[in-house]
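Here is the structure we will look at.
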Amino acid sequence: MPSALEDELFPSTPGKFKIERSHGMNRQFHRCFASTSTMFLWALFLIALTASYLSFQSFVDSGSRYFSASWGGIQWEKQVRNSAQIHRSGGMSVLVTGAAGFVGTHVSLALKKRGDGVVGIDNFNSYYDPSLKKARRSLLKSHGVFIVEGDINDNRLLDKLFDTVAFTHVMHLAAQAGVRYAMENPHSYVHSNIAGLITLLEVCKTANPQPSIVWASSSSVYGLNDNVPFSESDRTDQPASLYAATKKAGEEITHTYNHIYGLSVTGLRFFTVYGPWGRPDMAYFSFTRNILQGKPITIYRGKNRVDLARDFTYIDDIVKGCLGSLDTSGKSTGSGGKKRGPAPYRIFNLGNTSPVTVPTLVSILERHLKMKAKKNFVDMPGNGDVPFTHANISLARREFGYKPTTDLQTGLKKFVRWYLSYYGYNHGKPVN
């Protein structure tokens, strides 16, 4: 197709073009020059128009992303503030990360019931069935706890939450859990347990006022330690799994932020938490499911066919430890990201102090379910598991009166009752 310039010099109608010397040629040159200038201006105009369109499209895209996000806006801020309202004298306003998780749900409920303000955040990932997390969210909503759907790596969201509410405390429970899953998806542990923790600490250090932080470490940090029972002063530099390594890294990272920025930090080493609304990837949960469905269960054994043992700790006892830690956490001393004085840094074991072998756990479940398990005994693979755990809780008892009161027999009875109700079982059979 001929261009505009070609149209000017070579008309498409035959017989209309005459070669004129001198003046004609000058006239033609000026016309050509004028046409080129016009084209240049049109080109500039088109470039400017295209740039404006792209700019506008980018604005529309970012705007649509903002408006389609699950957070932000007047109504959202109102929900956050209402949920954070304190209803008791001397109460606290707590941001609970991982609030739709097992421990997060129970801690949020306990805080709310005693009159504290609670706002949750959870990314509802698919590590296990998200429908269980959404059911927990509905439970919390019925008690006036609002959960923001978002990731702790989103510093803009965290900044917005702290701009909306002056949280006095953070209960950091969001994490990628599970020892064995780390062999399948190692990057998820770094993303949540290290990068997510740092993002949260960065926001907390610049908040005004700085909140006090209580967070979930893990008994897994004891790794290959064979001192019994495990004490906070024992070595924790021999992790047996990537999960344990990320939790140990978290302890070192939080110590750094305490030292440099004056954040009050308490780390809690949980010992095998179980109970209603628990995690489906935990052994007691999957054993229950398989026994009811008539499927075999795999029971691991250690060296020389020694039974594995765990310091199973009922969720209500863990919650008591979490609240006791929050109540005695002390204040952060920083301001504007600068430390003004020393702040508390603490680590506590939260366990039951009575290890029970896995075969004993299975026997208790069989009794409560009134069904026998089909057991497959297998040697423990090298997947990061340890042969036993046993907590020394004397430090937590001394600092805030921590005292577990639920034995495994009682705790599993409560769990089984919840499981049968939640999954619609009647006399051991699913209700259609």
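Residues are named by chain letter and number: chains run A, B, ... in the order of the structure tokens, numbers start at 1 in each chain, and ligands are numbered from 1 in the order shown.
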
> Within 10 Å of A:Lys370, counting only C-alpha atoms, which residues qualify if same-chain residues fewer than 2 places away don't, as number ranges by chain?
Replying inline: A: 291-292, 364-368, 372-373, 427-428

> Could you write out, as number ranges by chain, all the residues of stretch 205-363 of chain A that DSSP marks as strand (DSSP E or B)?
Replying inline: A: 212-216, 230, 265-270, 273-274, 296-301, 307, 309-310, 313-314, 334-335, 338-339, 345-350, 356-357

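Pairwise distance (atom CA of A:Gly178, atom CA of A:Lys247) equals 11.5 Å.
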
If we count only C-alpha atoms and set the cut-off at 10 Å, which residues sit around A:Tyr257, ignoring sequence neighbours fewer than 4 positions away in its own chain? Please answer as a PDB file with N, CA, C and O atoms, in the first residue's frame.
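What landed in out_27.pdb:
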```pdb
ATOM      1  N   ILE A 198      10.891 -12.476  58.633  1.00  0.00           N
ATOM      2  CA  ILE A 198      11.651 -11.223  58.505  1.00  0.00           C
ATOM      3  C   ILE A 198      10.738 -10.079  58.057  1.00  0.00           C
ATOM      4  O   ILE A 198      10.843  -8.952  58.565  1.00  0.00           O
ATOM      5  N   LEU A 201       8.865  -8.961  61.096  1.00  0.00           N
ATOM      6  CA  LEU A 201       9.737  -8.253  62.041  1.00  0.00           C
ATOM      7  C   LEU A 201      10.093  -6.855  61.535  1.00  0.00           C
ATOM      8  O   LEU A 201      10.195  -5.912  62.330  1.00  0.00           O
ATOM      9  N   GLU A 202      10.277  -6.736  60.223  1.00  0.00           N
ATOM     10  CA  GLU A 202      10.586  -5.422  59.652  1.00  0.00           C
ATOM     11  C   GLU A 202       9.454  -4.428  59.890  1.00  0.00           C
ATOM     12  O   GLU A 202       9.683  -3.258  60.186  1.00  0.00           O
ATOM     13  N   CYS A 204       7.159  -4.722  62.319  1.00  0.00           N
ATOM     14  CA  CYS A 204       7.047  -4.526  63.773  1.00  0.00           C
ATOM     15  C   CYS A 204       8.097  -3.547  64.303  1.00  0.00           C
ATOM     16  O   CYS A 204       7.825  -2.747  65.196  1.00  0.00           O
ATOM     17  N   LYS A 205       9.290  -3.599  63.753  1.00  0.00           N
ATOM     18  CA  LYS A 205      10.372  -2.752  64.275  1.00  0.00           C
ATOM     19  C   LYS A 205      10.097  -1.270  64.041  1.00  0.00           C
ATOM     20  O   LYS A 205      10.529  -0.415  64.824  1.00  0.00           O
ATOM     21  N   GLU A 252      17.378 -17.434  65.893  1.00  0.00           N
ATOM     22  CA  GLU A 252      18.539 -16.550  65.741  1.00  0.00           C
ATOM     23  C   GLU A 252      18.135 -15.191  65.153  1.00  0.00           C
ATOM     24  O   GLU A 252      18.644 -14.139  65.561  1.00  0.00           O
ATOM     25  N   ILE A 253      17.228 -15.230  64.191  1.00  0.00           N
ATOM     26  CA  ILE A 253      16.774 -13.987  63.559  1.00  0.00           C
ATOM     27  C   ILE A 253      16.032 -13.100  64.568  1.00  0.00           C
ATOM     28  O   ILE A 253      16.281 -11.887  64.648  1.00  0.00           O
ATOM     29  N   TYR A 261      16.937  -3.767  67.537  1.00  0.00           N
ATOM     30  CA  TYR A 261      15.803  -2.842  67.462  1.00  0.00           C
ATOM     31  C   TYR A 261      14.959  -2.770  68.733  1.00  0.00           C
ATOM     32  O   TYR A 261      14.000  -2.003  68.786  1.00  0.00           O
ATOM     33  N   GLY A 262      15.282  -3.562  69.741  1.00  0.00           N
ATOM     34  CA  GLY A 262      14.545  -3.472  71.002  1.00  0.00           C
ATOM     35  C   GLY A 262      13.184  -4.126  70.993  1.00  0.00           C
ATOM     36  O   GLY A 262      12.318  -3.757  71.794  1.00  0.00           O
ATOM     37  N   LEU A 263      12.973  -5.103  70.097  1.00  0.00           N
ATOM     38  CA  LEU A 263      11.694  -5.812  70.090  1.00  0.00           C
ATOM     39  C   LEU A 263      11.666  -6.845  71.214  1.00  0.00           C
ATOM     40  O   LEU A 263      12.611  -7.613  71.397  1.00  0.00           O
ATOM     41  N   SER A 264      10.571  -6.855  71.963  1.00  0.00           N
ATOM     42  CA  SER A 264      10.363  -7.896  72.972  1.00  0.00           C
ATOM     43  C   SER A 264       9.945  -9.172  72.243  1.00  0.00           C
ATOM     44  O   SER A 264       8.962  -9.174  71.506  1.00  0.00           O
ATOM     45  N   VAL A 265      10.698 -10.251  72.464  1.00  0.00           N
ATOM     46  CA  VAL A 265      10.456 -11.496  71.724  1.00  0.00           C
ATOM     47  C   VAL A 265      10.411 -12.686  72.680  1.00  0.00           C
ATOM     48  O   VAL A 265      11.289 -12.847  73.524  1.00  0.00           O
ATOM     49  N   LYS A 339      16.465   1.238  68.792  1.00  0.00           N
ATOM     50  CA  LYS A 339      16.396   0.679  70.138  1.00  0.00           C
ATOM     51  C   LYS A 339      16.659   1.759  71.172  1.00  0.00           C
ATOM     52  O   LYS A 339      17.586   2.554  71.034  1.00  0.00           O
ATOM     53  N   TYR A 345      14.043 -11.065  75.891  1.00  0.00           N
ATOM     54  CA  TYR A 345      14.159 -12.119  74.880  1.00  0.00           C
ATOM     55  C   TYR A 345      14.090 -13.449  75.618  1.00  0.00           C
ATOM     56  O   TYR A 345      14.934 -13.743  76.465  1.00  0.00           O
TER      57      TYR A 345
END
```

> Which polymer residues have any atom within 7 Å of an atom of stretch 311-323 of chain A, counting only C-alpha atoms, with same-chain residues fewer than 5 positions away left out, as a PyMOL selection string?
Replying inline: chain A and resi 106-107+271-275+350-356+389-391+402+404-406+408+411

> So how far away is atom CA of A:Thr168 from atom CA of A:Pro211, in Å?
Replying inline: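 Answer for the atom CA of A:Pro211 to atom CA of A:Thr168 separation: 4.6 Å.
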
> Looking only at the backbone, which of the residues in stretch 219-278 of chain A does DSSP tag as alpha helix (DSSP H), as a PyMOL selection string?
Replying inline: chain A and resi 242-261

Near stretch 220-235 of chain A, 9 Å: stretch 374-397 of chain A residue rows, closest pairs, only C-alpha atoms, as CSV:
```
residue,atom,partner,partner_atom,distance
A:Gly384,CA,A:Gly223,CA,8.6
A:Asp385,CA,A:Gly223,CA,8.6
A:Val386,CA,A:Gly223,CA,6.9
A:Phe388,CA,A:Asp226,CA,9.0
A:Thr389,CA,A:Phe230,CA,7.4
A:His390,CA,A:Pro229,CA,4.9
A:Ala391,CA,A:Phe230,CA,5.0
A:Asn392,CA,A:Ser231,CA,5.3
A:Ile393,CA,A:Ser231,CA,7.7
A:Ser394,CA,A:Ser231,CA,8.7
A:Leu395,CA,A:Glu232,CA,8.2
```

Same residues, C-alpha atoms, output as a short mmCIF file (atom, residue, chain, number, x, y, z; two decimals), in the first residue's frame:
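This went into part-v1.cif:
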```
data_model
loop_
_atom_site.label_atom_id
_atom_site.label_comp_id
_atom_site.auth_asym_id
_atom_site.auth_seq_id
_atom_site.Cartn_x
_atom_site.Cartn_y
_atom_site.Cartn_z
CA GLY A 384 13.84 -35.83 59.42
CA ASP A 385 11.82 -37.50 62.16
CA VAL A 386 13.41 -38.07 65.57
CA PHE A 388 11.47 -39.30 70.84
CA THR A 389 10.63 -35.91 72.36
CA HIS A 390 10.34 -35.00 76.02
CA ALA A 391 9.89 -31.48 77.39
CA ASN A 392 11.36 -29.96 80.51
CA ILE A 393 8.81 -27.22 81.33
CA SER A 394 10.29 -25.94 84.58
CA LEU A 395 11.23 -22.57 83.06
#
```

Please build the interface table for stretch 183-291 of chain A against stretch 84-95 of chain A with a cut-off of 12 Å, listing for each qualifying residue the nearest atom pair and the distance in Å to one decimal; count only C-alpha atoms, order rows by chain and increasing number, and write it as a tab-separated table.
```
residue	atom	partner	partner_atom	distance
A:Leu200	CA	A:Leu95	CA	10.9
A:Cys204	CA	A:Leu95	CA	10.9
A:Pro209	CA	A:Ser93	CA	12.0
A:Pro211	CA	A:Val94	CA	8.8
A:Ser212	CA	A:Val94	CA	9.4
A:Ile213	CA	A:Val94	CA	9.5
A:Val214	CA	A:Val94	CA	10.2
A:Trp215	CA	A:Leu95	CA	11.4
```

> Hey, can you check how far atom CA of A:Gly336 sits from atom CA of A:Leu157?
Replying inline: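 Separation between atom CA of A:Gly336 and atom CA of A:Leu157: 19.1 Å.
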
>> Excluding A:Leu109 and its own-chain neighbours fewer than 4 positions away, which residues fall within 10 Å of it when counting only C-alpha atoms? Please give them as a PyMOL selection string.
In response: chain A and resi 99+104-105+113-114+116+118+139-141+143-145+319

> When distances are computed from only C-alpha atoms, which of A:Gly337, A:Gly98, A:Gly294, A:Gly115 shows the smallest separation from A:Leu197?
Replying inline: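 Looking only at the distances to A:Leu197, the closest residue turns out to be A:Gly98.
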
> Counting only C-alpha atoms, which of A:Phe146, A:Phe285, A:Trp277, A:Tyr422 gets nearest to A:Gly101?
Replying inline: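 Residue with the minimum atom-to-atom distance to A:Gly101: A:Trp277.
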
Excluding A:His259 and any residue of its chain fewer than 4 positions from it, enumerate the residues within 8 Å of it, using only C-alpha atoms, and give them as a PDB file with C-alpha atoms, in the first residue's frame.
```pdb
ATOM      1  CA  HIS A 255      17.341 -12.576  68.708  1.00  0.00           C
ATOM      2  CA  LEU A 263      11.694  -5.812  70.090  1.00  0.00           C
ATOM      3  CA  PRO A 342      17.155  -3.628  76.451  1.00  0.00           C
ATOM      4  CA  ALA A 343      13.985  -5.640  75.819  1.00  0.00           C
TER       5      ALA A 343
END
```

> Taking into account only C-alpha atoms, which residue in the set A:Ser192, A:Thr410, A:Tyr419, A:Val96 is nearest to A:Ser286?
Replying inline: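 So, comparing all the options, the nearest one is A:Tyr419.
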